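Report on the following structure.
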Amino acid sequence: MRVKRFVANNIQEAMVQVKIEMGKDAVILHTRRFKEGGFLGLFAKEFVEVTAATDNEYPVHTPPPTQREMPESKKQIIWPQVTEEKEIVQEISEIEEKLIENDLEVNLKNGSNELQDMRKLMQEMMEQIESASLNIGLNKVGEQFYHCLIDNEVEGKLAKRLTKKCLESVPLAKYEDMEFIKIQFLDNISRIIKKPKPIILPKKRKQQVLALVGPTGVGKTTTIAKLAANFALNNQKSIALITSDTYRIAAVEQLKTVGDIIGIPVEVVFTPQNMKNTIINHSDKDLIFIDTAGRSHKHALQMGELKGFLDAAEPDEIFLVLSATTKYKDMLDIVVKYEKINFNRIIFTKLDETSTYGPILNVIQKTKKYLSYVTTGQSVPDDIEIADQDKIAQLILRDGAK
């Protein structure tokens, strides 16, 4: 039996050392935390000590073939495989079982907390799997881009996949070229966001009915006013505005003000049947925009009421409006609840009021829906534009190459 003591900054580093030097069959005999350094007991640094044993010989570490030995087509940087979370979790479970089987010198009768400490260390290891696994094998440039994605609130797993995919495509001669690697990231982010799908007017005259939905406060009414004004003034289309938002007098007044300025009718409806009749009455219009009341995605009755209006309207497109300032966890909740409405496009508002743009990428990746427009202010009709996937990618990576 071979026994060896490993000292590291944390449990993750120690376990990596054990796995590399002693193999996956190594048994953990003992763990402890201790501090060293400092001055008069202050500012000491904490370390982790792991004692492991194995019945086998240490594995022979065979170095990879040099670039000179490899064929020309394969001469690119080889990025170590990133350990999958499930593999590490399984290893943790196996180690914990071994701890219990070997008792690890735990004397429960004497109140020893050795096993409890080890469980705590294992929990810390699980919490830091993402960071620990990715940091193994990434060069400085790769780590910088990965952390840029995380700082911009790109979801951890997505940031990990993006980083791995981008770096694996980098040739050896470019693996320290910051600008080249940034282009790989920008291209991959743009592919996820996809080419936007704005409102497309058919060549042959056919009425389009378009509805905007979303929670209160995301800017639906202002967005619909911008869209209506742009199509009326810039495309010379005949337009009608319909609102079912009878809960907010200010929303109705805002639309009526826009309607008066650009010369388009604004109708207020109170029931689904009223909605259907109003659309029929404006069958001569090119575009009908429907502004809906901000419904709480947590309130089933309100969501059912909204669905009733939309079923009556039978819109050609339903746009889910989300604010870029909303917390990503809340965005996910909103998206899940509004899936019952069968929205097929997304508009992000208030891009000028946030400093993190990763949630846009997360939502598009999860929903597989198309982004249509983004808004960047309150000015009607100016502060709205067709979403540009390349611009959004630039925003997400704006601090990625320093």
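If you're wondering about the labels, chains in the structure tokens are A, B, ... by order shown, residues count from 1 in each chain, ligands from 1 in order shown.
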Which residues of range 206-279 of chain A come within 12 Å of range 353-374 of chain A, and what is each one's closest atom pair and distance in Å (one decimal), counting only C-alpha atoms, sorted by chain and residue number, as a Markdown table?
```
| residue | atom | partner | partner_atom | distance |
| --- | --- | --- | --- | --- |
| A:Leu212 | CA | A:Ser372 | CA | 11.9 |
| A:Val218 | CA | A:Glu353 | CA | 11.8 |
| A:Gly219 | CA | A:Val374 | CA | 11.1 |
| A:Lys220 | CA | A:Val374 | CA | 11.7 |
| A:Thr223 | CA | A:Val374 | CA | 9.2 |
| A:Ile224 | CA | A:Tyr373 | CA | 11.2 |
| A:Lys226 | CA | A:Tyr373 | CA | 10.9 |
| A:Leu227 | CA | A:Tyr373 | CA | 9.7 |
```
Quick one: residues within 10 Å of range 234-249 of chain A, only C-alpha atoms, excluding same-chain residues fewer than 3 positions away - as a PDB file with C-alpha atoms, in the first residue's frame?
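That gives us out36.pdb:
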```
ATOM      1  CA  LEU A 201     -45.261  42.988 -44.233  1.00  0.00           C
ATOM      2  CA  GLN A 207     -53.955  42.390 -42.665  1.00  0.00           C
ATOM      3  CA  GLN A 208     -51.538  41.542 -39.861  1.00  0.00           C
ATOM      4  CA  VAL A 209     -52.788  41.315 -36.266  1.00  0.00           C
ATOM      5  CA  LEU A 210     -49.958  41.606 -33.742  1.00  0.00           C
ATOM      6  CA  ALA A 211     -50.211  41.329 -29.952  1.00  0.00           C
ATOM      7  CA  THR A 221     -47.438  50.320 -24.123  1.00  0.00           C
ATOM      8  CA  ILE A 224     -46.399  49.355 -29.122  1.00  0.00           C
ATOM      9  CA  ALA A 225     -46.590  53.140 -29.558  1.00  0.00           C
ATOM     10  CA  ALA A 228     -47.244  51.869 -34.553  1.00  0.00           C
ATOM     11  CA  ALA A 229     -45.641  55.272 -35.121  1.00  0.00           C
ATOM     12  CA  ASN A 230     -42.810  53.789 -37.199  1.00  0.00           C
ATOM     13  CA  PHE A 231     -45.093  51.801 -39.491  1.00  0.00           C
ATOM     14  CA  VAL A 252     -55.026  54.129 -22.480  1.00  0.00           C
ATOM     15  CA  GLU A 253     -54.299  57.861 -22.433  1.00  0.00           C
ATOM     16  CA  GLN A 254     -50.747  57.285 -23.682  1.00  0.00           C
ATOM     17  CA  LEU A 255     -51.979  55.298 -26.693  1.00  0.00           C
ATOM     18  CA  LYS A 256     -54.712  57.847 -27.429  1.00  0.00           C
ATOM     19  CA  VAL A 258     -49.966  58.721 -29.876  1.00  0.00           C
ATOM     20  CA  GLY A 259     -53.045  57.980 -31.991  1.00  0.00           C
ATOM     21  CA  ILE A 262     -50.098  60.257 -35.980  1.00  0.00           C
ATOM     22  CA  GLY A 263     -53.757  60.073 -36.925  1.00  0.00           C
ATOM     23  CA  ILE A 264     -54.676  56.473 -36.139  1.00  0.00           C
ATOM     24  CA  PRO A 265     -57.698  55.130 -34.228  1.00  0.00           C
ATOM     25  CA  VAL A 266     -57.346  53.732 -30.702  1.00  0.00           C
ATOM     26  CA  GLU A 267     -59.999  51.337 -29.408  1.00  0.00           C
ATOM     27  CA  VAL A 268     -60.532  50.105 -25.837  1.00  0.00           C
ATOM     28  CA  VAL A 269     -62.054  46.630 -25.419  1.00  0.00           C
ATOM     29  CA  PHE A 270     -63.468  45.058 -22.276  1.00  0.00           C
ATOM     30  CA  THR A 271     -64.360  41.495 -23.293  1.00  0.00           C
ATOM     31  CA  PRO A 272     -63.019  38.841 -25.701  1.00  0.00           C
ATOM     32  CA  ASN A 274     -65.607  42.969 -27.912  1.00  0.00           C
ATOM     33  CA  MET A 275     -62.029  42.266 -29.080  1.00  0.00           C
ATOM     34  CA  THR A 278     -63.348  45.497 -33.006  1.00  0.00           C
ATOM     35  CA  ILE A 279     -60.843  43.626 -35.199  1.00  0.00           C
ATOM     36  CA  HIS A 282     -60.973  47.501 -38.695  1.00  0.00           C
ATOM     37  CA  SER A 283     -60.606  44.883 -41.425  1.00  0.00           C
ATOM     38  CA  ASP A 284     -59.516  47.664 -43.797  1.00  0.00           C
ATOM     39  CA  LYS A 285     -56.312  48.335 -41.834  1.00  0.00           C
ATOM     40  CA  ASP A 286     -52.886  46.954 -42.812  1.00  0.00           C
ATOM     41  CA  LEU A 287     -51.778  46.437 -39.221  1.00  0.00           C
ATOM     42  CA  ILE A 288     -53.612  46.055 -35.942  1.00  0.00           C
ATOM     43  CA  PHE A 289     -51.529  46.286 -32.797  1.00  0.00           C
ATOM     44  CA  ILE A 290     -53.015  44.865 -29.587  1.00  0.00           C
ATOM     45  CA  ASP A 291     -51.784  46.159 -26.247  1.00  0.00           C
ATOM     46  CA  THR A 292     -52.649  43.781 -23.415  1.00  0.00           C
ATOM     47  CA  ALA A 293     -52.837  44.402 -19.700  1.00  0.00           C
ATOM     48  CA  GLY A 294     -49.735  43.527 -17.701  1.00  0.00           C
ATOM     49  CA  ARG A 295     -50.657  40.212 -16.159  1.00  0.00           C
ATOM     50  CA  LEU A 306     -55.313  37.151 -21.041  1.00  0.00           C
ATOM     51  CA  PHE A 309     -58.566  37.884 -25.201  1.00  0.00           C
TER      52      PHE A 309
END
```
TODO: Using CA of Ala26 in chain A and CA of Arg5 in chain A as the two end points, give the distance in Å to one decimal.
DONE: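 Calculated distance between CA of Ala26 in chain A and CA of Arg5 in chain A is 12.1 Å.
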Open item on the list: What parts of range 155-377 of chain A does DSSP call alpha helix (DSSP H)? I'd like the answer as a VMD selection string.
Closed with: chain A and resid 156 to 168 178 to 193 220 to 233 249 to 262 272 to 281 300 to 313 328 to 338 358 to 367
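Note that the spacing between CA of Lys182 in chain A and CA of Lys157 in chain A amounts to 19.0 Å.
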